[in-house]
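One file, work-v1.cif, carrying mmCIF, C-alpha atoms and all ligand atoms:
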```
data_start
#
loop_
_atom_site.label_atom_id
_atom_site.label_comp_id
_atom_site.auth_asym_id
_atom_site.auth_seq_id
_atom_site.Cartn_x
_atom_site.Cartn_y
_atom_site.Cartn_z
CA MET A 1 0.00 0.00 0.00
CA ILE A 2 1.00 3.64 -0.37
CA ASP A 3 0.71 6.85 1.65
CA TYR A 4 1.11 9.61 -0.90
CA HIS A 5 0.12 12.76 0.96
CA LEU A 6 1.91 13.61 4.23
CA HIS A 7 3.95 16.33 5.83
CA VAL A 8 7.29 16.08 7.69
CA ILE A 9 7.90 19.81 8.15
CA ALA A 10 4.10 20.02 8.52
CA HIS A 11 3.31 23.55 9.78
CA GLY A 12 6.91 24.26 10.76
CA ASP A 13 6.74 21.53 13.43
CA ARG A 14 10.13 19.96 12.66
CA PRO A 15 12.99 20.38 10.18
CA MET A 16 13.34 18.00 7.25
CA THR A 17 16.33 16.04 8.54
CA VAL A 18 17.32 12.49 7.63
CA ASP A 19 16.33 11.33 11.14
CA ASN A 20 12.93 12.97 10.96
CA ILE A 21 12.24 11.37 7.58
CA LEU A 22 13.40 7.98 8.91
CA ALA A 23 10.95 8.31 11.82
CA TYR A 24 8.10 8.49 9.27
CA LEU A 25 9.55 5.63 7.21
CA GLU A 26 9.76 3.38 10.28
CA VAL A 27 6.04 3.82 10.91
CA ALA A 28 5.35 3.32 7.20
CA LYS A 29 7.24 0.02 7.29
CA SER A 30 5.52 -1.16 10.47
CA ARG A 31 2.13 -0.49 8.83
CA GLY A 32 3.03 -2.43 5.70
CA LEU A 33 3.48 0.44 3.23
CA ARG A 34 5.42 -0.12 0.01
CA GLN A 35 5.74 3.56 -0.87
CA MET A 36 5.57 6.83 1.04
CA GLY A 37 5.42 10.28 -0.54
CA ILE A 38 6.37 13.49 1.27
CA THR A 39 4.24 16.42 0.12
CA GLU A 40 4.93 19.57 2.10
CA HIS A 41 2.64 22.58 1.81
CA ASP A 42 3.96 24.91 -0.89
CA ARG A 43 4.56 27.72 1.63
CA TYR A 44 7.31 25.54 3.20
CA LEU A 45 9.02 24.94 -0.13
CA ASP A 46 12.19 26.73 0.98
CA ASP A 47 12.47 24.43 4.02
CA ILE A 48 12.53 21.24 1.94
CA ASP A 49 16.00 19.75 2.28
CA LEU A 50 16.51 17.83 -0.94
CA ALA A 51 19.88 16.43 0.20
CA ALA A 52 18.31 15.02 3.38
CA PHE A 53 15.46 13.57 1.33
CA GLN A 54 17.87 11.90 -1.08
CA GLU A 55 20.01 10.54 1.74
CA ALA A 56 16.98 9.06 3.50
CA ARG A 57 15.79 7.53 0.22
CA GLU A 58 19.12 5.82 -0.33
CA LYS A 59 19.54 4.72 3.26
CA TYR A 60 16.12 3.18 3.70
CA GLN A 61 15.29 0.44 1.25
CA ASP A 62 12.25 -1.14 2.94
CA VAL A 63 9.80 1.56 1.88
CA GLU A 64 10.25 3.47 -1.40
CA LEU A 65 10.34 7.20 -0.81
CA ARG A 66 8.73 9.70 -3.18
CA LEU A 67 8.81 13.47 -3.31
CA GLY A 68 5.77 15.56 -4.09
CA ILE A 69 4.38 18.91 -3.03
CA GLU A 70 0.93 20.12 -2.03
CA ILE A 71 0.09 23.26 -4.00
CA ASP A 72 -2.58 25.52 -2.53
CA PHE A 73 -4.83 26.11 -5.55
CA VAL A 74 -5.73 29.78 -5.83
CA PRO A 75 -7.18 31.11 -9.10
CA GLY A 76 -5.07 34.05 -10.24
CA ALA A 77 -1.88 32.73 -8.60
CA GLU A 78 -0.85 30.71 -11.66
CA GLU A 79 2.65 32.12 -11.75
CA ARG A 80 3.35 31.15 -8.15
CA MET A 81 1.78 27.70 -8.62
CA ASP A 82 3.82 27.02 -11.76
CA ARG A 83 7.04 28.14 -10.11
CA ASP A 84 6.47 26.04 -6.99
CA SER A 85 5.37 22.94 -8.88
CA SER A 86 8.54 22.90 -10.98
CA ALA A 87 11.03 24.01 -8.28
CA LEU A 88 12.24 20.49 -7.34
CA PRO A 89 12.48 17.07 -9.03
CA TYR A 90 9.05 15.94 -7.79
CA ASP A 91 7.58 12.54 -8.52
CA TYR A 92 4.12 14.15 -8.56
CA VAL A 93 2.29 17.34 -7.62
CA ILE A 94 -0.90 17.54 -5.55
CA GLY A 95 -3.29 20.43 -6.12
CA SER A 96 -5.54 21.15 -3.13
CA VAL A 97 -8.32 23.66 -2.66
CA HIS A 98 -8.14 25.14 0.85
CA ARG A 99 -9.63 28.54 0.01
CA VAL A 100 -12.68 30.31 -1.33
CA ASP A 101 -12.04 33.93 -2.32
CA ASN A 102 -8.61 33.53 -0.77
CA GLU A 103 -10.05 32.70 2.66
CA GLU A 104 -9.29 29.33 4.29
CA VAL A 105 -12.16 26.88 4.75
CA ASP A 106 -10.30 24.45 7.03
CA HIS A 107 -8.72 26.63 9.72
CA PRO A 108 -10.08 25.59 13.14
CA GLN A 109 -9.54 29.07 14.64
CA HIS A 110 -10.92 30.96 11.64
CA GLN A 111 -14.30 29.71 10.62
CA GLU A 112 -15.73 33.18 9.86
CA ILE A 113 -16.22 32.19 6.25
CA TYR A 114 -19.06 29.90 7.35
CA GLU A 115 -20.84 32.89 8.95
CA LYS A 116 -20.28 35.16 5.97
CA TRP A 117 -21.56 32.84 3.28
CA GLU A 118 -24.84 31.11 2.70
CA THR A 119 -23.72 27.48 2.96
CA TYR A 120 -25.01 26.37 -0.44
CA ASP A 121 -23.30 29.31 -2.16
CA LEU A 122 -20.07 28.53 -0.31
CA TYR A 123 -20.23 24.92 -1.49
CA GLU A 124 -20.83 26.12 -5.06
CA ALA A 125 -17.81 28.44 -4.90
CA TYR A 126 -15.70 25.69 -3.34
CA TYR A 127 -16.59 23.06 -5.96
CA LYS A 128 -16.07 25.60 -8.72
CA ASN A 129 -12.48 25.88 -7.47
CA ILE A 130 -12.18 22.09 -7.31
CA ARG A 131 -13.25 21.81 -10.94
CA ALA A 132 -10.85 24.58 -11.94
CA ALA A 133 -7.99 22.88 -10.07
CA ALA A 134 -8.66 19.56 -11.80
CA LEU A 135 -9.08 21.10 -15.23
CA SER A 136 -6.03 23.37 -14.86
CA GLY A 137 -3.82 20.48 -15.96
CA ARG A 138 -1.21 21.54 -13.39
CA PHE A 139 -1.51 18.60 -11.01
CA GLU A 140 -1.25 14.80 -11.04
CA ILE A 141 -3.41 14.46 -7.90
CA LEU A 142 -6.43 16.36 -6.55
CA GLY A 143 -6.09 16.68 -2.75
CA HIS A 144 -8.94 15.88 -0.30
CA PRO A 145 -11.71 16.78 -2.78
CA ASP A 146 -14.53 17.53 -0.30
CA LEU A 147 -12.60 19.34 2.42
CA ILE A 148 -15.46 21.85 2.69
CA LYS A 149 -17.38 19.35 4.87
CA ILE A 150 -14.64 19.47 7.56
CA PHE A 151 -16.65 21.36 10.22
CA ARG A 152 -19.99 19.72 9.37
CA HIS A 153 -21.63 22.74 7.77
CA PHE A 154 -24.02 21.21 5.25
CA PRO A 155 -26.39 23.01 2.88
CA GLU A 156 -30.07 22.19 3.20
CA ARG A 157 -30.43 21.93 -0.58
CA ASP A 158 -29.38 18.70 -2.26
CA ILE A 159 -25.82 19.02 -3.56
CA THR A 160 -25.91 15.84 -5.68
CA PRO A 161 -26.03 17.74 -9.02
CA MET A 162 -23.07 19.86 -7.89
CA LEU A 163 -21.08 16.73 -7.02
CA GLU A 164 -22.02 15.04 -10.31
CA GLU A 165 -20.84 18.10 -12.25
CA THR A 166 -17.60 18.03 -10.25
CA ALA A 167 -17.10 14.29 -10.88
CA ASP A 168 -17.62 14.92 -14.61
CA ALA A 169 -14.92 17.61 -14.62
CA VAL A 170 -12.53 15.45 -12.60
CA ALA A 171 -13.02 12.51 -14.99
CA GLU A 172 -12.56 14.76 -18.01
CA SER A 173 -9.34 16.20 -16.57
CA GLY A 174 -7.64 12.83 -16.09
CA ILE A 175 -6.50 13.81 -12.59
CA VAL A 176 -6.09 11.19 -9.82
CA VAL A 177 -8.15 11.61 -6.63
CA ASP A 178 -6.62 11.64 -3.15
CA VAL A 179 -8.59 9.33 -0.81
CA ASN A 180 -7.45 11.06 2.34
CA ALA A 181 -8.03 9.66 5.84
CA ALA A 182 -7.30 12.96 7.64
CA GLY A 183 -11.02 13.66 7.79
CA LEU A 184 -11.32 10.87 10.35
CA ARG A 185 -9.29 13.06 12.74
CA LYS A 186 -11.46 16.17 12.10
CA PRO A 187 -14.96 17.15 13.30
CA ILE A 188 -16.51 15.51 10.20
CA GLY A 189 -15.08 12.13 11.27
CA GLU A 190 -15.05 10.66 7.77
CA ILE A 191 -12.69 10.15 4.87
CA TYR A 192 -12.33 12.69 2.04
CA PRO A 193 -14.10 12.10 -0.31
CA SER A 194 -17.44 10.86 1.04
CA ARG A 195 -18.67 7.49 -0.15
CA ASP A 196 -21.23 9.19 -2.44
CA LEU A 197 -18.61 11.29 -4.17
CA LEU A 198 -16.16 8.39 -4.37
CA GLU A 199 -18.85 6.27 -6.05
CA MET A 200 -19.37 9.03 -8.63
CA PHE A 201 -15.62 9.04 -9.31
CA HIS A 202 -15.51 5.25 -9.58
CA ARG A 203 -18.42 5.13 -12.02
CA ARG A 204 -16.47 7.49 -14.27
CA GLY A 205 -13.22 5.52 -14.05
CA VAL A 206 -11.34 8.14 -11.99
CA PRO A 207 -8.22 6.57 -10.43
CA ILE A 208 -7.16 7.07 -6.80
CA ILE A 209 -4.23 7.23 -4.42
CA LEU A 210 -4.47 6.64 -0.66
CA SER A 211 -3.15 9.01 1.99
CA SER A 212 -3.21 9.88 5.66
CA ASP A 213 -2.21 13.56 5.32
CA ALA A 214 -0.04 12.84 8.38
CA HIS A 215 1.45 15.86 10.11
CA ALA A 216 3.38 13.64 12.60
CA PRO A 217 5.02 10.19 12.34
CA ASP A 218 2.32 8.33 14.31
CA GLN A 219 -0.28 9.51 11.77
CA VAL A 220 1.36 7.70 8.84
CA ALA A 221 -1.23 5.36 7.29
CA ALA A 222 -3.61 6.21 10.16
CA GLY A 223 -7.20 5.27 9.36
CA TYR A 224 -6.17 2.88 6.60
CA GLU A 225 -8.42 0.02 7.72
CA LYS A 226 -11.35 2.34 6.94
CA SER A 227 -9.87 3.80 3.73
CA VAL A 228 -8.98 0.43 2.27
CA LYS A 229 -12.40 -0.99 3.14
CA LEU A 230 -14.17 2.05 1.67
CA VAL A 231 -12.35 2.05 -1.66
CA HIS A 232 -12.67 -1.73 -1.94
CA ASP A 233 -16.42 -1.63 -1.19
CA VAL A 234 -16.87 1.05 -3.83
CA GLY A 235 -15.14 -1.20 -6.37
CA TYR A 236 -11.54 -0.04 -6.59
CA ARG A 237 -8.92 -2.79 -7.03
CA GLU A 238 -5.79 -0.72 -7.56
CA VAL A 239 -4.10 2.53 -6.63
CA VAL A 240 -1.98 4.78 -8.79
CA THR A 241 1.73 5.36 -8.15
CA PHE A 242 4.11 7.97 -9.53
CA LYS A 243 7.83 8.11 -10.17
CA ASP A 244 9.38 11.07 -11.98
CA ARG A 245 5.82 12.10 -12.87
CA GLU A 246 5.21 8.77 -14.66
CA ARG A 247 2.14 6.86 -13.60
CA GLY A 248 2.09 3.21 -12.48
CA THR A 249 -0.33 1.07 -10.46
CA LEU A 250 -0.29 -1.23 -7.46
CA PRO A 251 -3.00 -3.76 -6.61
CA LEU A 252 -5.10 -2.94 -3.59
CA GLN A 253 -4.96 -5.54 -0.89
CA PRO A 254 -8.02 -5.41 1.38
CA GLU A 255 -7.20 -5.67 5.09
ZN ZN B 301 -4.46 20.10 2.29
ZN ZN B 302 -1.81 18.02 3.32
#
```
Could you render the structure from this file as structure tokens?
Ligand SMILES: [Zn+2]
Ligand SMILES: [Zn+2]
Amino acid sequence: MIDYHLHVIAHGDRPMTVDNILAYLEVAKSRGLRQMGITEHDRYLDDIDLAAFQEAREKYQDVELRLGIEIDFVPGAEERMDRDSSALPYDYVIGSVHRVDNEEVDHPQHQEIYEKWETYDLYEAYYKNIRAAALSGRFEILGHPDLIKIFRHFPERDITPMLEETADAVAESGIVVDVNAAGLRKPIGEIYPSRDLLEMFHRRGVPIILSSDAHAPDQVAAGYEKSVKLVHDVGYREVVTFKDRERGTLPLQPE
């Protein structure tokens, strides 16, 4: 199995040293992972220590190490996104929507956006950004595609048509979806994407990766019993892998 979206530097919590990377790899090995991809937030790009990464990759043979980055998708910031997503020899690039009108939707201390917006309109604006991120062609992977549910603000109106339109755009784009277990650790208490949205992706042949979005070593592959069961129940039998931005696959082994 793979964990393709996680953070060592996280939010400035620790430097990217060989030892810190090895601490993540040890947990990855103990949880049966074949590959682990480090994907720091783009704002920590300058703190990525490529030499430490390469040393850890050579030293540790039990789990294959990959390098990615998580780009914060903001319409209008194309220059910044292009610069950051070509700054290092990444194996893949994740594009994630964390913002609507440049305001974060997932900050626990700043949830004002949910007061300001009518919830349905906020969802529409959020999924519009998701579709734009997928269709931008900038990213191999679309990060946590229904992050907007994080604090359990749900519109009263049915959002099924909105999700279907989004699944259509994602399928058309050819992007791979991040099945991200971090939601299990948040107020929503469920994986991103929801089962409904994941089923829409599956029906359209959209491929997936698995991730924990770990921000600490003990979170590597956390929640994987649930993720693996979910994707298997929905009908997935393989996950996508990347090396030097070339796509491969690995069979999914149910727990
Ligand atoms: Zn994210
Ligand atoms: Zn992340």
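Rounded to one decimal, CA of Glu79 in chain A and CA of Asp42 in chain A lie 13.1 Å from each other.
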Please identify every polymer residue within 7 Å of ligand ZN 302 (chain B), using all atoms listed in the file, and present the set as a PyMOL selection string.
-> chain A and resi 5-7+41+70+213
Would you list the residues that come within 10 Å of ligand ZN 301 (chain B)? Count only C-alpha atoms and all ligand atoms and give the answer as a list in words.
->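 Answer in the requested format: His5, Leu6, His7, Thr39, Glu40, His41, Glu70, Ile71, Asp72, Phe73, Ile94, Gly95, Ser96, Val97, His98, Asp106, Leu142, Gly143, His144, Pro145, Leu147, Asn180, Ala182 and Asp213 of chain A.
With all atoms listed in the file as the atoms that count, the residue of A:Met81, A:Met162, A:Ile191, A:Ile209 with the shortest distance to Val176 in chain A is A:Ile209.
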For Asp46 in chain A, which of A:Leu163, A:Ala216, A:Leu88, A:Leu25 is the closest residue, counting all atoms listed in the file?
->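 Using all atoms listed in the file, Asp46 in chain A sits closest to A:Leu88.
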Coordinates-based distance that separates CA of Val239 in chain A from CA of Ile175 in chain A (Å, one decimal) = 13.0 Å
So that each row is one residue of range 77-189 of chain A with an atom at most 12 Å from range 54-64 of chain A, can you give its shortest atom pair and the distance in Å to one decimal, using all atoms listed in the file, rows by chain and rising number, as CSV?
```
residue,atom,partner,partner_atom,distance
A:Pro89,CA,A:Gln54,CA,10.9
A:Tyr90,CA,A:Gln54,CA,11.8
A:Asp91,CA,A:Glu64,CA,11.8
```
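For Glu103 in chain A, the non-local neighbours within 12 Å, defined as residues at least 2 positions apart in the same chain or in other chains and counting all atoms listed in the file, are Asp72, Phe73, Val74, Val97, His98, Arg99, Val100, Asp101, Val105, Asp106, His107, His110, Gln111, Glu112, Ile113, Tyr114, Lys116, Trp117, Leu122, Ala125 and Tyr126 of chain A.
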With only C-alpha atoms as the atoms that count, which of A:Pro161, A:Asp3, A:Asp13, A:Val234 lies nearest to Val27 in chain A?
->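 Comparing A:Pro161, A:Asp3, A:Asp13, A:Val234 against Val27 in chain A, the winner is A:Asp3.
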Could you put an axis-aligned box around every listed atom of range 34-48 of chain A, padded by 3 Å on each side, and send me its centre and edge lengths in Å to one decimal, as JSON?
```
{"center_x": 7.6, "center_y": 13.8, "center_z": 1.6, "size_x": 15.9, "size_y": 33.8, "size_z": 10.9}
```
What would range 189-204 of chain A look like with N, CA and C atoms in place, written as a CSV table (one decimal), keeping the file's coordinate frame?
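For reference, part_13.csv as written:
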```csv
chain,number,residue,atom,x,y,z
A,189,GLY,N,-15.2,13.5,10.9
A,189,GLY,CA,-15.1,12.1,11.3
A,189,GLY,C,-15.3,11.2,10.1
A,190,GLU,N,-15.0,11.6,8.9
A,190,GLU,CA,-15.0,10.7,7.8
A,190,GLU,C,-14.0,11.0,6.7
A,191,ILE,N,-13.7,10.0,5.9
A,191,ILE,CA,-12.7,10.2,4.9
A,191,ILE,C,-13.1,11.2,3.8
A,192,TYR,N,-12.1,11.9,3.3
A,192,TYR,CA,-12.3,12.7,2.0
A,192,TYR,C,-11.9,11.8,0.9
A,193,PRO,N,-12.7,11.6,-0.2
A,193,PRO,CA,-14.1,12.1,-0.3
A,193,PRO,C,-15.1,11.2,0.4
A,194,SER,N,-16.3,11.7,0.5
A,194,SER,CA,-17.4,10.9,1.0
A,194,SER,C,-17.7,9.7,0.1
A,195,ARG,N,-18.4,8.7,0.7
A,195,ARG,CA,-18.7,7.5,-0.2
A,195,ARG,C,-19.5,7.9,-1.4
A,196,ASP,N,-20.4,8.8,-1.3
A,196,ASP,CA,-21.2,9.2,-2.4
A,196,ASP,C,-20.3,9.8,-3.6
A,197,LEU,N,-19.5,10.7,-3.2
A,197,LEU,CA,-18.6,11.3,-4.2
A,197,LEU,C,-17.6,10.3,-4.7
A,198,LEU,N,-17.1,9.4,-3.9
A,198,LEU,CA,-16.2,8.4,-4.4
A,198,LEU,C,-16.8,7.4,-5.4
A,199,GLU,N,-18.1,7.1,-5.1
A,199,GLU,CA,-18.8,6.3,-6.0
A,199,GLU,C,-19.0,7.0,-7.4
A,200,MET,N,-19.3,8.3,-7.4
A,200,MET,CA,-19.4,9.0,-8.6
A,200,MET,C,-18.0,9.0,-9.4
A,201,PHE,N,-16.9,9.1,-8.7
A,201,PHE,CA,-15.6,9.0,-9.3
A,201,PHE,C,-15.4,7.6,-9.9
A,202,HIS,N,-15.7,6.6,-9.1
A,202,HIS,CA,-15.5,5.2,-9.6
A,202,HIS,C,-16.3,4.9,-10.8
A,203,ARG,N,-17.6,5.4,-10.8
A,203,ARG,CA,-18.4,5.1,-12.0
A,203,ARG,C,-17.8,5.7,-13.3
A,204,ARG,N,-17.1,6.8,-13.1
A,204,ARG,CA,-16.5,7.5,-14.3
A,204,ARG,C,-15.0,7.0,-14.5
```
